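K.L.:
Here you go, this is structure09.cif (mmCIF, C-alpha atoms).
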```
data_final
#
loop_
_atom_site.label_atom_id
_atom_site.label_comp_id
_atom_site.auth_asym_id
_atom_site.auth_seq_id
_atom_site.Cartn_x
_atom_site.Cartn_y
_atom_site.Cartn_z
CA MET A 233 -2.10 2.81 -10.93
CA THR A 234 -1.39 -0.86 -10.33
CA ALA A 235 1.34 -2.31 -8.15
CA ASN A 236 3.17 -3.53 -11.25
CA GLU A 237 3.00 -0.09 -12.87
CA PHE A 238 4.28 1.45 -9.64
CA SER A 239 7.18 -1.01 -9.49
CA ARG A 240 8.19 -0.14 -13.05
CA ILE A 241 8.63 3.55 -12.22
CA PHE A 242 10.30 2.85 -8.88
CA PRO A 243 14.07 3.39 -9.12
CA GLN A 244 16.32 0.55 -8.03
CA LYS A 245 16.81 2.34 -4.71
CA ILE A 246 15.65 5.55 -3.07
CA ILE A 247 18.21 7.06 -0.72
CA LYS A 248 17.67 10.04 1.59
CA ASN A 249 19.78 11.50 4.36
CA PHE A 250 18.56 12.73 7.72
CA ILE A 251 20.07 14.27 10.81
CA VAL A 252 18.61 13.60 14.23
CA ASP A 253 19.24 17.13 15.40
CA GLU A 254 17.92 19.02 18.41
CA MET A 255 14.84 20.20 16.54
CA VAL A 256 13.90 16.67 15.45
CA TYR A 257 14.59 15.31 18.93
CA LYS A 258 12.59 17.99 20.74
CA SER A 259 9.72 17.86 18.25
CA PHE A 260 9.34 14.12 18.71
CA GLN A 261 9.62 14.48 22.47
CA ALA A 262 6.84 17.07 22.50
CA CYS A 263 4.71 14.91 20.23
CA SER A 264 5.17 11.68 22.19
CA SER A 265 5.44 13.07 25.76
CA ASP A 266 8.02 10.33 26.33
CA PHE A 267 10.50 11.56 28.93
CA ASN A 268 12.00 8.20 29.80
CA PRO A 269 15.47 8.87 31.31
CA LEU A 270 17.13 6.81 28.59
CA HIS A 271 16.00 9.51 26.16
CA VAL A 272 16.58 12.64 28.26
CA ASP A 273 19.37 11.97 30.76
CA ASP A 274 22.92 11.53 29.44
CA ASN A 275 24.26 10.29 32.77
CA TYR A 276 21.52 7.70 33.10
CA ALA A 277 22.10 6.44 29.54
CA ILE A 278 25.88 6.28 30.06
CA ASP A 279 25.32 4.35 33.27
CA LYS A 280 23.29 1.84 31.22
CA GLY A 281 26.12 1.33 28.76
CA PHE A 282 25.29 3.87 26.05
CA LYS A 283 27.41 6.80 24.85
CA GLY A 284 24.75 9.32 25.76
CA LYS A 285 21.00 9.74 25.68
CA VAL A 286 19.47 7.45 23.11
CA MET A 287 17.25 8.96 20.44
CA TYR A 288 13.66 7.75 20.19
CA GLY A 289 13.41 4.77 17.86
CA ASN A 290 10.19 6.07 16.45
CA ILE A 291 11.95 9.13 15.06
CA LEU A 292 13.14 6.71 12.38
CA ASN A 293 9.51 5.85 11.66
CA ALA A 294 8.85 9.55 11.10
CA PHE A 295 11.65 9.61 8.51
CA ILE A 296 10.06 6.60 6.83
CA SER A 297 6.74 8.43 6.83
CA TYR A 298 8.41 11.28 4.92
CA LEU A 299 9.98 8.91 2.42
CA VAL A 300 6.73 7.07 1.76
CA GLY A 301 4.58 10.18 1.71
CA GLU A 302 6.85 12.46 -0.26
CA CYS A 303 9.61 10.60 -2.09
CA LEU A 304 7.99 7.65 -3.86
CA PRO A 305 7.28 7.86 -7.60
CA SER A 306 3.58 8.30 -6.81
CA LYS A 307 1.83 9.97 -3.91
CA GLU A 308 -1.15 7.62 -4.33
CA VAL A 309 -0.02 5.27 -1.58
CA ILE A 310 -1.05 4.26 1.90
CA ILE A 311 0.94 2.38 4.54
CA HIS A 312 -0.62 -0.97 5.47
CA SER A 313 2.01 -2.15 7.92
CA GLN A 314 5.50 -1.43 9.09
CA ASN A 315 7.99 -3.66 10.92
CA ILE A 316 11.20 -2.17 12.24
CA ASN A 317 14.17 -3.73 13.99
CA TYR A 318 16.50 -1.55 16.00
CA ILE A 319 20.05 -2.81 15.78
CA LEU A 320 22.26 0.01 17.06
CA PRO A 321 21.44 3.09 19.13
CA VAL A 322 21.12 6.49 17.48
CA TYR A 323 22.47 9.55 19.30
CA LEU A 324 21.80 13.27 19.07
CA ASN A 325 23.17 14.83 15.86
CA ASP A 326 23.77 11.45 14.21
CA SER A 327 23.48 11.51 10.42
CA LEU A 328 21.54 8.64 8.94
CA GLU A 329 21.15 7.38 5.42
CA LEU A 330 17.85 5.69 4.63
CA GLU A 331 17.76 3.29 1.70
CA LEU A 332 14.46 1.98 0.36
CA SER A 333 13.99 -0.75 -2.25
CA ILE A 334 11.22 -3.06 -3.43
CA ASN A 335 11.02 -6.35 -1.58
CA ALA A 336 7.94 -7.94 -3.17
CA ILE A 337 4.96 -7.04 -5.34
CA TYR A 338 1.45 -8.28 -4.56
CA GLU A 339 -0.41 -7.44 -7.73
CA SER A 340 -3.57 -9.27 -6.63
CA VAL A 341 -4.19 -6.81 -3.80
CA ASN A 342 -2.30 -3.86 -5.33
CA ALA A 343 0.28 -3.82 -2.59
CA ILE A 344 4.05 -3.57 -2.46
CA SER A 345 6.47 -4.62 0.23
CA LEU A 346 9.44 -2.27 0.62
CA LYS A 347 12.67 -3.04 2.43
CA PHE A 348 14.41 -0.25 4.30
CA ILE A 349 17.83 0.11 5.91
CA PHE A 350 19.13 2.97 8.05
CA ARG A 351 22.92 3.35 8.16
CA ASN A 352 24.98 5.73 10.24
CA VAL A 353 28.08 7.65 9.07
CA SER A 354 30.23 4.61 9.85
CA GLU A 355 28.03 2.74 7.35
CA LYS A 356 26.81 0.48 10.14
CA VAL A 357 23.18 -0.65 9.92
CA VAL A 358 21.31 0.92 12.83
CA SER A 359 17.87 -0.25 11.81
CA ARG A 360 16.14 -2.27 9.14
CA GLY A 361 12.65 -3.42 8.36
CA ILE A 362 9.77 -3.88 5.98
CA ILE A 363 6.90 -1.56 5.05
CA GLN A 364 3.89 -2.73 3.12
CA ILE A 365 2.14 -0.05 1.12
CA GLY A 366 -1.07 -0.14 -0.84
CA ILE A 367 -1.35 1.62 -4.18
CA LEU A 368 -4.51 3.69 -4.18
CA ALA A 369 -6.89 3.20 -7.10
CA MET B 487 -1.64 -30.89 -0.92
CA ASN B 488 -5.34 -31.72 -0.51
CA LYS B 489 -8.15 -29.38 0.51
CA GLU B 490 -8.10 -30.46 4.15
CA GLU B 491 -4.38 -29.80 4.44
CA ILE B 492 -4.74 -26.38 2.83
CA LEU B 493 -7.63 -25.53 5.16
CA GLU B 494 -5.57 -26.51 8.17
CA LYS B 495 -2.63 -24.42 7.03
CA ILE B 496 -4.63 -21.31 6.16
CA GLN B 497 -6.47 -21.55 9.47
CA SER B 498 -3.21 -20.81 11.25
CA ILE B 499 -2.62 -17.88 8.87
CA PHE B 500 -6.12 -16.54 9.58
CA ARG B 501 -5.53 -16.88 13.32
CA SER B 502 -2.25 -15.02 13.11
CA ILE B 503 -3.41 -12.19 10.84
CA LEU B 504 -6.78 -11.74 12.51
CA ASP B 505 -5.15 -12.06 15.95
CA ASN B 506 -7.64 -14.65 17.16
CA ASP B 507 -6.18 -17.95 18.41
CA ASP B 508 -9.62 -19.49 18.81
CA LEU B 509 -10.77 -18.78 15.27
CA ILE B 510 -12.10 -21.78 13.38
CA ILE B 511 -12.75 -21.51 9.68
CA ASP B 512 -14.47 -24.02 7.44
CA TYR B 513 -15.19 -24.25 3.73
CA LYS B 514 -18.28 -22.08 3.94
CA THR B 515 -16.71 -19.29 6.01
CA THR B 516 -16.96 -15.82 4.44
CA SER B 517 -15.76 -12.40 5.51
CA ASN B 518 -19.27 -11.75 6.81
CA ASP B 519 -18.75 -14.45 9.44
CA ILE B 520 -15.62 -12.94 10.97
CA GLU B 521 -15.70 -9.44 12.41
CA GLU B 522 -11.94 -8.93 12.09
CA TRP B 523 -11.92 -9.89 8.38
CA ASP B 524 -12.17 -6.39 6.88
CA SER B 525 -10.70 -4.88 3.73
CA LEU B 526 -7.27 -4.26 5.27
CA THR B 527 -6.93 -7.65 6.97
CA HIS B 528 -8.12 -9.20 3.71
CA ILE B 529 -5.05 -7.71 1.99
CA GLN B 530 -2.82 -9.02 4.78
CA LEU B 531 -4.40 -12.48 4.50
CA ILE B 532 -3.78 -12.65 0.76
CA VAL B 533 -0.20 -11.39 1.14
CA ALA B 534 0.49 -13.95 3.90
CA ILE B 535 -1.03 -16.79 1.85
CA GLU B 536 0.93 -15.81 -1.26
CA LYS B 537 4.15 -15.67 0.78
CA THR B 538 3.58 -18.88 2.71
CA PHE B 539 2.53 -20.99 -0.26
CA GLN B 540 4.79 -19.22 -2.78
CA ILE B 541 1.89 -18.61 -5.14
CA LYS B 542 0.38 -15.56 -6.82
CA PHE B 543 -3.28 -14.76 -7.27
CA THR B 544 -4.83 -12.32 -9.70
CA SER B 545 -7.23 -9.62 -8.56
CA LYS B 546 -9.90 -11.25 -10.76
CA GLU B 547 -9.56 -14.55 -8.90
CA ILE B 548 -9.83 -12.88 -5.52
CA HIS B 549 -12.97 -10.99 -6.47
CA GLU B 550 -14.63 -14.18 -7.65
CA TRP B 551 -14.23 -16.08 -4.37
CA LYS B 552 -17.48 -16.41 -2.46
CA ASP B 553 -16.12 -18.38 0.49
CA VAL B 554 -13.04 -20.08 1.88
CA GLU B 555 -13.67 -23.18 -0.23
CA GLU B 556 -13.37 -21.19 -3.45
CA MET B 557 -10.16 -19.66 -2.15
CA ILE B 558 -8.81 -23.16 -1.44
CA GLU B 559 -9.88 -24.42 -4.87
CA SER B 560 -8.00 -21.55 -6.43
CA MET B 561 -4.94 -22.34 -4.31
CA LYS B 562 -5.14 -26.07 -5.09
CA GLN B 563 -4.74 -25.33 -8.81
CA LYS B 564 -1.49 -23.48 -8.10
CA LEU B 565 0.11 -25.99 -5.73
#
```
What's the structure tokens form of this structure?
P.N.:
Amino acid sequence: MTANEFSRIFPQKIIKNFIVDEMVYKSFQACSSDFNPLHVDDNYAIDKGFKGKVMYGNILNAFISYLVGECLPSKEVIIHSQNINYILPVYLNDSLELELSINAIYESVNAISLKFIFRNVSEKVVSRGIIQIGILA
Amino acid sequence: MNKEEILEKIQSIFRSILDNDDLIIDYKTTSNDIEEWDSLTHIQLIVAIEKTFQIKFTSKEIHEWKDVEEMIESMKQKL
């Protein structure tokens, strides 16, 4: 499949919903071994100006991994690069909507740049960024 | 834009993508001359050049380049 062929079967947007629940939080914690107090201690996080312990930013990258690996029109893809900007904190049990759309097509190298936006239930953007994927031959 | 100007501009792209501030490329440079210039960074180089110069290559063009000079010649035709 070529990048152009891939773009033709890509819907205008792909939208998925996720919840950063206890299982997600604990699984990522176990995987990363990151016990920074900002992520585990409510009192510490509140003292630093947050509403409670802040969820790991890279949990959002795991959601992106799912979207790229499982929800694109073709599974014949590989991530080349990923840039993410964290705009607002995410807290335990927050529901997030992830929206993915095509940003640019690089037919010459069979690659596609995808734009993603995470929004919370208040429809505020909590994170946004760009992923570049390669279409496997 | 002449060849020298293109070379100067793509040198900064090469340095950024290949993460080597001391890198110097010339017309005869090939991927064999630069350890960091592998298949993945090659894709990133092409994407960065296409974005920076607002041009598009074809896969045929890319496969025909033997060195940086041929890349620049190809770019020159599009600028």
K.L.:
Could you state which residues are captured by the PyMOL selection byres ((chain A) within 8 of (chain B)) in this file, as a PyMOL selection string?
P.N.:
chain A and resi 312+338-341
K.L.:
Expressed in Å to a single decimal, how great is the separation between CA of Ile496 (chain B) and CA of Asn317 (chain A)?
P.N.:
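Atom-to-atom, CA of Ile496 (chain B) to CA of Asn317 (chain A), that is 26.9 Å.
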K.L.:
Taking the file as I've supplied it (selection: the PyMOL selection byres ((chain B and resi 559) around 12)), which residues are included? Please answer as a PDB file with C-alpha atoms, keeping the file's coordinate frame.
P.N.:
```pdb
ATOM      1  CA  MET B 487      -1.640 -30.890  -0.920  1.00  0.00           C
ATOM      2  CA  ASN B 488      -5.340 -31.720  -0.510  1.00  0.00           C
ATOM      3  CA  LYS B 489      -8.150 -29.380   0.510  1.00  0.00           C
ATOM      4  CA  GLU B 490      -8.100 -30.460   4.150  1.00  0.00           C
ATOM      5  CA  ILE B 492      -4.740 -26.380   2.830  1.00  0.00           C
ATOM      6  CA  LEU B 493      -7.630 -25.530   5.160  1.00  0.00           C
ATOM      7  CA  TYR B 513     -15.190 -24.250   3.730  1.00  0.00           C
ATOM      8  CA  PHE B 543      -3.280 -14.760  -7.270  1.00  0.00           C
ATOM      9  CA  GLU B 547      -9.560 -14.550  -8.900  1.00  0.00           C
ATOM     10  CA  ILE B 548      -9.830 -12.880  -5.520  1.00  0.00           C
ATOM     11  CA  GLU B 550     -14.630 -14.180  -7.650  1.00  0.00           C
ATOM     12  CA  TRP B 551     -14.230 -16.080  -4.370  1.00  0.00           C
ATOM     13  CA  LYS B 552     -17.480 -16.410  -2.460  1.00  0.00           C
ATOM     14  CA  ASP B 553     -16.120 -18.380   0.490  1.00  0.00           C
ATOM     15  CA  VAL B 554     -13.040 -20.080   1.880  1.00  0.00           C
ATOM     16  CA  GLU B 555     -13.670 -23.180  -0.230  1.00  0.00           C
ATOM     17  CA  GLU B 556     -13.370 -21.190  -3.450  1.00  0.00           C
ATOM     18  CA  MET B 557     -10.160 -19.660  -2.150  1.00  0.00           C
ATOM     19  CA  ILE B 558      -8.810 -23.160  -1.440  1.00  0.00           C
ATOM     20  CA  SER B 560      -8.000 -21.550  -6.430  1.00  0.00           C
ATOM     21  CA  MET B 561      -4.940 -22.340  -4.310  1.00  0.00           C
ATOM     22  CA  LYS B 562      -5.140 -26.070  -5.090  1.00  0.00           C
ATOM     23  CA  GLN B 563      -4.740 -25.330  -8.810  1.00  0.00           C
ATOM     24  CA  LYS B 564      -1.490 -23.480  -8.100  1.00  0.00           C
ATOM     25  CA  LEU B 565       0.110 -25.990  -5.730  1.00  0.00           C
TER      26      LEU B 565
END
```
K.L.:
Which residues come within 7 Å of region 237-252 of chain A, counting all atoms listed in the file, excluding same-chain residues fewer than 5 positions away, as a list in words?
P.N.:
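Listing them by chain and then by number gives Tyr257, Pro305, Leu324, Asn325, Asp326, Ser327, Leu328, Glu329, Leu330, Glu331, Leu332 and Ser333 of chain A.
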K.L.:
Using CA of Val309 (chain A) and CA of Ser498 (chain B) as the two end points, give the distance in Å to one decimal.
P.N.:
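Computing it gives 29.2 Å between the two atoms.
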K.L.:
Evaluate the PyMOL selection byres ((chain B and resi 501) around 12) on the structure here and hand back the selected residues as a list in words.
P.N.:
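Listing what the PyMOL selection byres ((chain B and resi 501) around 12) selects in the shown file: Glu494, Lys495, Ile496, Gln497, Ser498, Ile499, Phe500, Ser502, Ile503, Leu504, Asp505, Asn506, Asp507, Asp508, Leu509, Ile510, Ile511, Ile520, Glu522, Trp523, Thr527, Gln530, Leu531 and Ala534 of chain B.
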K.L.:
I need the residue nearest Tyr288 (chain A) from this list: A:Glu254, A:Glu355, A:Asp274, A:Asp266. Use only C-alpha atoms for the distance.
P.N.:
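Looking at the shortest contact to Tyr288 (chain A), the residue is A:Asp266.
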K.L.:
Find the residues around Val357 (chain A) up to 10 Å (only C-alpha atoms counted), leave out those fewer than 2 positions away in its own chain, and share them as a ChimeraX atom specification.
P.N.:
/A:318-320,328-330,349-355,359-360
K.L.:
Using Å and a single decimal, report how far CA of Met287 (chain A) sits from CA of Ser345 (chain A).
P.N.:
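Spanning CA of Ser345 (chain A) to CA of Met287 (chain A) is a straight-line distance of 26.6 Å.
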